[in-house]
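Reproduced below: run16.csv, with CSV, C-alpha atoms.
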```csv
chain,number,residue,atom,x,y,z
A,13,MET,CA,24.1,-8.4,13.0
A,14,ASP,CA,24.2,-10.1,9.6
A,15,LEU,CA,25.1,-8.3,6.4
A,16,GLN,CA,21.6,-8.3,5.0
A,17,THR,CA,20.2,-6.6,8.2
A,18,ALA,CA,23.0,-4.1,8.1
A,19,ILE,CA,22.1,-3.2,4.5
A,20,MET,CA,18.4,-2.9,5.4
A,21,LYS,CA,19.3,-0.6,8.3
A,22,ARG,CA,21.5,1.6,6.1
A,23,PHE,CA,18.8,1.9,3.4
A,24,LEU,CA,16.2,2.9,6.0
A,25,ARG,CA,18.5,5.4,7.6
A,26,LYS,CA,19.2,7.0,4.3
A,27,LEU,CA,15.6,7.4,3.4
A,28,VAL,CA,14.7,8.7,6.9
A,29,ASN,CA,17.5,11.2,6.7
A,30,LEU,CA,16.4,12.4,3.3
A,31,ASN,CA,12.8,12.5,4.5
A,32,ILE,CA,11.5,10.3,1.7
A,33,TRP,CA,8.0,9.4,3.1
A,34,GLY,CA,4.8,8.6,1.2
A,35,GLY,CA,4.4,10.7,-1.9
A,36,ARG,CA,8.0,11.8,-2.0
A,37,HIS,CA,10.1,9.2,-3.7
A,38,THR,CA,13.6,8.5,-5.1
A,39,GLU,CA,15.1,6.1,-7.6
A,40,MET,CA,16.1,2.7,-6.2
A,41,ARG,CA,19.5,3.4,-7.7
A,42,ASN,CA,20.0,6.1,-5.1
A,43,LEU,CA,19.8,3.5,-2.3
A,44,GLN,CA,22.8,1.8,-3.8
A,45,LYS,CA,24.8,4.9,-3.3
A,46,SER,CA,24.7,4.4,0.4
A,47,LEU,CA,26.6,1.1,0.1
A,48,PRO,CA,30.4,0.6,-0.4
A,49,ASP,CA,31.4,-0.2,-4.0
A,50,HIS,CA,32.0,-3.9,-3.3
A,51,LEU,CA,28.3,-4.4,-2.1
A,52,ARG,CA,26.5,-2.6,-4.9
A,53,GLY,CA,24.5,-4.9,-7.0
A,54,THR,CA,25.2,-8.0,-4.9
A,55,LYS,CA,22.7,-10.7,-3.9
A,56,GLU,CA,22.6,-9.4,-0.3
A,57,HIS,CA,21.6,-5.9,-1.6
A,58,LYS,CA,18.8,-7.3,-3.7
A,59,LEU,CA,17.5,-9.5,-0.9
A,60,ALA,CA,17.6,-6.6,1.6
A,61,ILE,CA,15.3,-4.5,-0.7
A,62,LYS,CA,12.9,-7.5,-1.1
A,63,GLU,CA,12.8,-8.0,2.6
A,64,LEU,CA,12.0,-4.3,3.2
A,65,ILE,CA,9.2,-4.5,0.7
A,66,ASN,CA,7.9,-7.7,2.4
A,67,HIS,CA,7.9,-6.0,5.8
A,68,GLY,CA,5.9,-3.2,4.2
A,69,PHE,CA,8.5,-0.6,5.0
A,70,LEU,CA,9.0,0.5,1.4
A,71,ASN,CA,6.4,1.6,-1.1
A,72,ILE,CA,7.2,0.9,-4.8
A,73,LYS,CA,6.2,3.3,-7.5
A,74,PRO,CA,6.9,2.3,-11.1
A,75,SER,CA,8.1,5.3,-13.0
A,76,THR,CA,9.5,6.0,-16.4
A,77,GLY,CA,12.7,4.2,-16.8
A,78,GLU,CA,13.3,3.3,-13.2
A,79,THR,CA,11.5,2.0,-10.1
A,80,HIS,CA,11.1,4.5,-7.4
A,81,VAL,CA,10.8,3.8,-3.6
A,82,SER,CA,9.6,5.7,-0.6
A,83,LEU,CA,9.1,4.9,3.1
A,84,ASN,CA,5.6,3.7,4.1
A,85,SER,CA,4.3,6.5,6.3
A,86,HIS,CA,1.7,4.1,7.8
A,87,LYS,CA,4.6,2.0,9.2
A,88,GLN,CA,6.6,4.9,10.6
A,89,LYS,CA,6.5,3.5,14.2
A,90,GLU,CA,7.6,0.0,13.1
A,91,ILE,CA,10.5,1.5,11.0
A,92,PHE,CA,11.8,3.5,13.9
A,93,GLU,CA,11.4,0.5,16.3
A,94,PHE,CA,13.4,-1.7,13.8
A,95,LEU,CA,16.2,0.9,13.6
A,96,GLN,CA,16.3,1.3,17.4
A,97,GLU,CA,16.2,-2.5,17.9
A,98,GLU,CA,19.2,-2.8,15.6
A,99,ASN,CA,21.1,0.0,17.4
A,100,GLU,CA,20.8,-1.8,20.8
A,101,ASN,CA,22.5,-5.0,19.5
```

As structure tokens, what does this structure read like?
Amino acid sequence: MDLQTAIMKRFLRKLVNLNIWGGRHTEMRNLQKSLPDHLRGTKEHKLAIKELINHGFLNIKPSTGETHVSLNSHKQKEIFEFLQEENEN
């Protein structure tokens, strides 16, 4: 598993564990807190977020001062399949 996929998996697990679906959202900065210090703000971190948005797993909500994210409740099955697929490897 490459670094970007591992970061994507970690972000998804954090949001699932915090139950951040649909209308409930959190600042994108809070996703970075799930990463070790040496990976915060890196290119891989930013590419992982873009990839999750491109897959349709994350909803973006522009808010005052910061961009907020939540899991797309319509893609719940695909999100759990992605996490399970990664666990098997």

### Message
At a cut-off of 7 Å, using only C-alpha atoms, what residues contact Leu83 in chain A? Leave out same-chain residues fewer than 5 positions from it and give the result as a ChimeraX atom specification.
### Response
/A:27,32-34,69-71

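The space separating CA of Pro74 in chain A from CA of His50 in chain A comes to 27.0 Å.
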
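Distance annotation: of A:Ser85, A:Phe92, A:Ser75, A:Ile19, the residue with the minimal separation from Gly53 in chain A is A:Ile19; atom set is all atoms listed in the file.
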
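With all atoms listed in the file as the basis for measurement, A:Gln16 is the residue among A:Thr76, A:Gln16, A:Gln96, A:Asn31 that approaches Leu64 in chain A most closely.
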
#### Entry: For Lys26 in chain A: contacts at 12 Å, all atoms listed in the file, fewer than 6 positions along chain excluded, given as a PyMOL selection string
chain A and resi 19-20+32-33+38+40+42-47+81-83+95

List as a compact mmCIF listing (two decimals) with C-alpha atoms, in the coordinates of the input the protein and nucleic acid residues near Glu63 in chain A, meaning an atom at most 12 Å away when all atoms listed in the file are counted, but skip any in the same chain fewer than 2 places from it.
```txt
# COMPACT_ATOMS: atom_id res chain seq x y z
CA GLN A 16 21.60 -8.30 5.00
CA THR A 17 20.20 -6.60 8.20
CA ILE A 19 22.10 -3.20 4.50
CA MET A 20 18.40 -2.90 5.40
CA LYS A 21 19.30 -0.60 8.30
CA PHE A 23 18.80 1.90 3.40
CA LEU A 24 16.20 2.90 6.00
CA GLU A 56 22.60 -9.40 -0.30
CA HIS A 57 21.60 -5.90 -1.60
CA LYS A 58 18.80 -7.30 -3.70
CA LEU A 59 17.50 -9.50 -0.90
CA ALA A 60 17.60 -6.60 1.60
CA ILE A 61 15.30 -4.50 -0.70
CA ILE A 65 9.20 -4.50 0.70
CA ASN A 66 7.90 -7.70 2.40
CA HIS A 67 7.90 -6.00 5.80
CA GLY A 68 5.90 -3.20 4.20
CA PHE A 69 8.50 -0.60 5.00
CA LEU A 70 9.00 0.50 1.40
```

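Between CA of His80 in chain A and CA of His37 in chain A the interatomic distance comes to 6.1 Å.
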
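Distances to Gly35 in chain A were evaluated for A:Glu78, A:Phe94, A:Ile72, A:Lys89 using only C-alpha atoms, and the minimum falls at A:Ile72.
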
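The gap separating CA of Asp49 in chain A from CA of Arg25 in chain A is 18.2 Å, in Å to one decimal.
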
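Using all atoms listed in the file, the smallest distance between any of A:Glu93, A:Asp14, A:Glu39, A:Asn29 and Thr79 in chain A comes from A:Glu39.
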